[in-house]
Amino acid sequence: QKEVEQNSGPLSVPEGAIASLNCTYSDRGSQSFFWYRQYSGKSPELIMFIYSNGDKEDGRFTAQLNKASQYVSLLIRDSQPSDSATYLCAVISGGYQKVTFGTGTKLQVIP
Amino acid sequence: EAGVAQSPRYKIIEKRQSVAFWCNPISGHATLYWYQQILGQGPKLLIQFQNNGVVDDSQLPKDRFSAERLKGVDSTLKIQPAKLEDSAVYLCASSHGGTFWSSGANVLTFGAGSRLTVL
């Protein structure tokens with residue numbers, strides 16, 4: 001079992017729709033969770049992080065965490081073509097805060 | 001604040017040659033990470049430093065890869081000898097570190113990456 005799992009996609013949504021990206025993790029002791037966006041040929045950049053159960057909203061983005069089910073999700077409302085990118089889920093675990101990334105989900109927003 | 005600096009941005013070498021990558025993290029960041037990202041995959045952690053000590057190198061191919069972080073600041077990742085499968089982008093990232101989760105102290109900031117092509 002991979003430590004952090006994501007559907008590689010591509011996930012295609014029409015412009016203006018809600019995009020839903022999911023991530024599951026294997027270490028029940030994981031402590032903090034991140035969503036990064038990576039455009040082709042660029043480095044990952046942080047969208048948001050979450051560390052407690054529930055929802056966290058930042059503009060058009062909402063992260064959801066359910067530690068009991070070991071999943072974290074990212075919702076993107078009013079999707080724009082500029083949101084087309086690969087979305088990486090990352091998880092912190094262990095005493096030295098090791099950061100493990102999933103394989104990423106490629107999102108395509110169709111105009 | 002200045003970002004994470006990496007060099008070189010691009011490197012092409014023949015297999016069995018050696019290569020070195022350099023990273024200068026954000027000032028004050030105690031934790032430094034080197035990741036390998038092969039095309040179409042997520043970043044894979046190679047080594048993690050806390051100040052100048054190694055805290056995780058479980059996925060570093062130690063027969064050919066080495067890394068050091070002098071004086072707890074900048075870092076060098078070396079590959080010798082290189083293999084075809086080492087072709088990837090090598091990403092350096094840094095963070096403050098610690099367990100104060102709400103502060104975002106563990107947010108990784110990435111450099112632009114070093115793209116290696118092994119022929």
# chains A, B, ... in the order shown; residues from 1 in each chain; ligands from 1

$ residues_around --residues "segment 112-114 of chain B" --least-positions-apart "5" --cutoff "10 Å" --atoms "only C-alpha atoms" --output "ChimeraX atom specification"
/A:41-44 /B:3-11,20-23,34-37,88-93

$ residues_around --residues "Ser32 of chain A" --least-positions-apart "2" --cutoff "7 Å" --atoms "only C-alpha atoms" --output "list in words"
Ser30, Phe34, Ile50, Tyr51, Val91 and Ile92 of chain A; Trp101 of chain B

$ residues_around --residues "Gln108 of chain A" --least-positions-apart "2" --cutoff "12 Å" --atoms "only C-alpha atoms" --output "ChimeraX atom specification"
/A:8-15,17-21,39,79-87,105-106,110-111

$ write_last_selection --atoms "N, CA and C atoms" --output "compact mmCIF listing (two decimals), in the first residue's frame"
# COMPACT_ATOMS: atom_id res chain seq x y z
N SER A 8 -4.66 9.41 -10.50
CA SER A 8 -3.79 10.21 -11.36
C SER A 8 -4.55 11.02 -12.40
N GLY A 9 -5.83 10.65 -12.63
CA GLY A 9 -6.63 11.39 -13.60
C GLY A 9 -6.26 11.04 -15.03
N PRO A 10 -6.53 11.91 -16.00
CA PRO A 10 -6.95 13.28 -15.75
C PRO A 10 -8.41 13.41 -15.35
N LEU A 11 -8.67 14.42 -14.52
CA LEU A 11 -10.02 14.78 -14.12
C LEU A 11 -10.42 15.99 -14.95
N SER A 12 -11.45 15.83 -15.74
CA SER A 12 -11.91 16.91 -16.61
C SER A 12 -13.21 17.49 -16.09
N VAL A 13 -13.24 18.80 -15.93
CA VAL A 13 -14.47 19.47 -15.48
C VAL A 13 -14.69 20.69 -16.37
N PRO A 14 -15.94 21.07 -16.59
CA PRO A 14 -16.20 22.27 -17.37
C PRO A 14 -15.94 23.52 -16.54
N GLU A 15 -15.62 24.59 -17.22
CA GLU A 15 -15.39 25.87 -16.55
C GLU A 15 -16.62 26.25 -15.72
N ALA A 17 -17.54 24.77 -12.95
CA ALA A 17 -17.98 23.63 -12.13
C ALA A 17 -17.11 23.48 -10.90
N ILE A 18 -17.51 22.56 -10.03
CA ILE A 18 -16.71 22.22 -8.85
C ILE A 18 -15.84 21.01 -9.17
N ALA A 19 -14.55 21.16 -8.90
CA ALA A 19 -13.62 20.04 -9.06
C ALA A 19 -13.36 19.44 -7.68
N SER A 20 -13.41 18.12 -7.58
CA SER A 20 -13.21 17.43 -6.32
C SER A 20 -12.02 16.48 -6.45
N LEU A 21 -11.02 16.72 -5.63
CA LEU A 21 -9.78 15.93 -5.67
C LEU A 21 -9.64 15.20 -4.34
N TYR A 39 2.15 23.37 -12.00
CA TYR A 39 1.97 23.57 -13.43
C TYR A 39 3.10 22.83 -14.16
N SER A 79 -14.40 26.51 -11.11
CA SER A 79 -13.13 26.15 -11.74
C SER A 79 -12.87 27.01 -12.98
N GLN A 80 -11.61 27.42 -13.11
CA GLN A 80 -11.18 28.24 -14.23
C GLN A 80 -10.13 27.48 -15.05
N PRO A 81 -10.01 27.81 -16.33
CA PRO A 81 -8.97 27.15 -17.14
C PRO A 81 -7.58 27.29 -16.52
N SER A 82 -7.34 28.38 -15.80
CA SER A 82 -6.04 28.58 -15.16
C SER A 82 -5.81 27.62 -14.00
N ASP A 83 -6.86 26.91 -13.57
CA ASP A 83 -6.70 25.90 -12.52
C ASP A 83 -6.17 24.58 -13.09
N SER A 84 -6.09 24.47 -14.40
CA SER A 84 -5.59 23.25 -15.03
C SER A 84 -4.13 23.05 -14.63
N ALA A 85 -3.87 21.96 -13.92
CA ALA A 85 -2.55 21.69 -13.36
C ALA A 85 -2.60 20.31 -12.71
N THR A 86 -1.49 19.90 -12.15
CA THR A 86 -1.46 18.68 -11.34
C THR A 86 -1.51 19.09 -9.87
N TYR A 87 -2.39 18.43 -9.13
CA TYR A 87 -2.58 18.74 -7.71
C TYR A 87 -1.98 17.62 -6.88
N THR A 105 -2.90 14.40 -9.03
CA THR A 105 -4.07 14.27 -9.92
C THR A 105 -4.02 15.41 -10.92
N LYS A 106 -4.06 15.05 -12.20
CA LYS A 106 -4.06 16.06 -13.25
C LYS A 106 -5.48 16.56 -13.48
N ILE A 110 -12.18 22.59 -18.76
CA ILE A 110 -12.53 22.80 -20.16
C ILE A 110 -13.34 24.09 -20.32
N PRO A 111 -12.86 25.04 -21.15
CA PRO A 111 -13.59 26.32 -21.32
C PRO A 111 -14.95 26.10 -21.97

$ atom_distance --atom1 "atom CA of Lys44 of chain B" --atom2 "atom CA of Ala67 of chain B"
15.3 Å

$ interface_residues --of "chain B" --to "chain A" --cutoff "12 Å" --atoms "only C-alpha atoms" --output "PDB file with C-alpha atoms, in the first residue's frame"
ATOM      1  CA  VAL B   4      14.978  28.792  -2.333  1.00  0.00           C
ATOM      2  CA  GLN B   6      18.975  26.037  -6.857  1.00  0.00           C
ATOM      3  CA  ARG B   9      18.722  24.658 -13.704  1.00  0.00           C
ATOM      4  CA  ALA B  30      15.977  24.624   9.744  1.00  0.00           C
ATOM      5  CA  THR B  31      14.635  21.808   7.593  1.00  0.00           C
ATOM      6  CA  LEU B  32      15.884  21.110   4.071  1.00  0.00           C
ATOM      7  CA  TYR B  33      14.567  18.445   1.717  1.00  0.00           C
ATOM      8  CA  TRP B  34      15.802  16.983  -1.558  1.00  0.00           C
ATOM      9  CA  TYR B  35      13.161  15.371  -3.745  1.00  0.00           C
ATOM     10  CA  GLN B  36      13.462  13.503  -7.024  1.00  0.00           C
ATOM     11  CA  GLN B  37      10.574  13.974  -9.437  1.00  0.00           C
ATOM     12  CA  ILE B  38      10.436  11.719 -12.470  1.00  0.00           C
ATOM     13  CA  LEU B  39       8.139  12.870 -15.280  1.00  0.00           C
ATOM     14  CA  GLY B  40       4.524  12.008 -14.505  1.00  0.00           C
ATOM     15  CA  GLN B  41       5.198  11.087 -10.873  1.00  0.00           C
ATOM     16  CA  GLY B  42       4.974  12.846  -7.550  1.00  0.00           C
ATOM     17  CA  PRO B  43       8.090  14.089  -5.748  1.00  0.00           C
ATOM     18  CA  LYS B  44       9.992  11.306  -3.971  1.00  0.00           C
ATOM     19  CA  LEU B  45      11.912  12.235  -0.832  1.00  0.00           C
ATOM     20  CA  LEU B  46      15.608  11.451  -1.130  1.00  0.00           C
ATOM     21  CA  ILE B  47      16.963  13.048   2.017  1.00  0.00           C
ATOM     22  CA  GLN B  48      15.826  15.363   4.796  1.00  0.00           C
ATOM     23  CA  PHE B  49      18.097  17.506   6.950  1.00  0.00           C
ATOM     24  CA  GLN B  50      17.269  19.115  10.266  1.00  0.00           C
ATOM     25  CA  ASN B  51      19.869  21.871  10.597  1.00  0.00           C
ATOM     26  CA  GLY B  53      21.987  16.552  10.565  1.00  0.00           C
ATOM     27  CA  VAL B  54      20.331  13.886   8.407  1.00  0.00           C
ATOM     28  CA  VAL B  55      16.944  12.783   9.793  1.00  0.00           C
ATOM     29  CA  ASP B  56      15.737  10.672   6.855  1.00  0.00           C
ATOM     30  CA  ASP B  57      17.661   9.179   3.959  1.00  0.00           C
ATOM     31  CA  SER B  58      15.796   5.892   3.690  1.00  0.00           C
ATOM     32  CA  GLN B  59      15.104   6.317  -0.042  1.00  0.00           C
ATOM     33  CA  ALA B  88      14.535  13.622 -13.369  1.00  0.00           C
ATOM     34  CA  VAL B  89      13.999  17.008 -11.786  1.00  0.00           C
ATOM     35  CA  TYR B  90      15.738  17.394  -8.450  1.00  0.00           C
ATOM     36  CA  LEU B  91      13.740  19.656  -6.186  1.00  0.00           C
ATOM     37  CA  CYS B  92      15.084  21.312  -3.084  1.00  0.00           C
ATOM     38  CA  ALA B  93      12.627  22.581  -0.489  1.00  0.00           C
ATOM     39  CA  SER B  94      12.891  24.130   2.942  1.00  0.00           C
ATOM     40  CA  SER B  95      10.681  24.870   5.946  1.00  0.00           C
ATOM     41  CA  HIS B  96      10.960  26.254   9.458  1.00  0.00           C
ATOM     42  CA  GLY B  97      10.048  22.828  10.854  1.00  0.00           C
ATOM     43  CA  GLY B  98       8.599  22.051  14.272  1.00  0.00           C
ATOM     44  CA  THR B  99       5.211  20.828  15.444  1.00  0.00           C
ATOM     45  CA  PHE B 100       3.255  24.056  15.711  1.00  0.00           C
ATOM     46  CA  TRP B 101       0.881  22.929  12.968  1.00  0.00           C
ATOM     47  CA  SER B 102      -1.408  25.906  12.934  1.00  0.00           C
ATOM     48  CA  SER B 103       1.449  28.269  12.174  1.00  0.00           C
ATOM     49  CA  GLY B 104       2.261  26.647   8.862  1.00  0.00           C
ATOM     50  CA  ALA B 105       5.852  26.184  10.015  1.00  0.00           C
ATOM     51  CA  ASN B 106       6.015  22.936   8.073  1.00  0.00           C
ATOM     52  CA  VAL B 107       4.934  24.406   4.766  1.00  0.00           C
ATOM     53  CA  LEU B 108       7.544  23.519   2.180  1.00  0.00           C
ATOM     54  CA  THR B 109       8.811  26.193  -0.153  1.00  0.00           C
ATOM     55  CA  PHE B 110      10.388  24.778  -3.287  1.00  0.00           C
ATOM     56  CA  GLY B 111      13.178  26.003  -5.468  1.00  0.00           C
ATOM     57  CA  ALA B 112      12.857  26.078  -9.244  1.00  0.00           C
ATOM     58  CA  GLY B 113      14.430  22.629  -9.537  1.00  0.00           C
ATOM     59  CA  SER B 114      17.382  21.180 -11.405  1.00  0.00           C
ATOM     60  CA  ARG B 115      16.505  19.144 -14.477  1.00  0.00           C
TER      61      ARG B 115
END
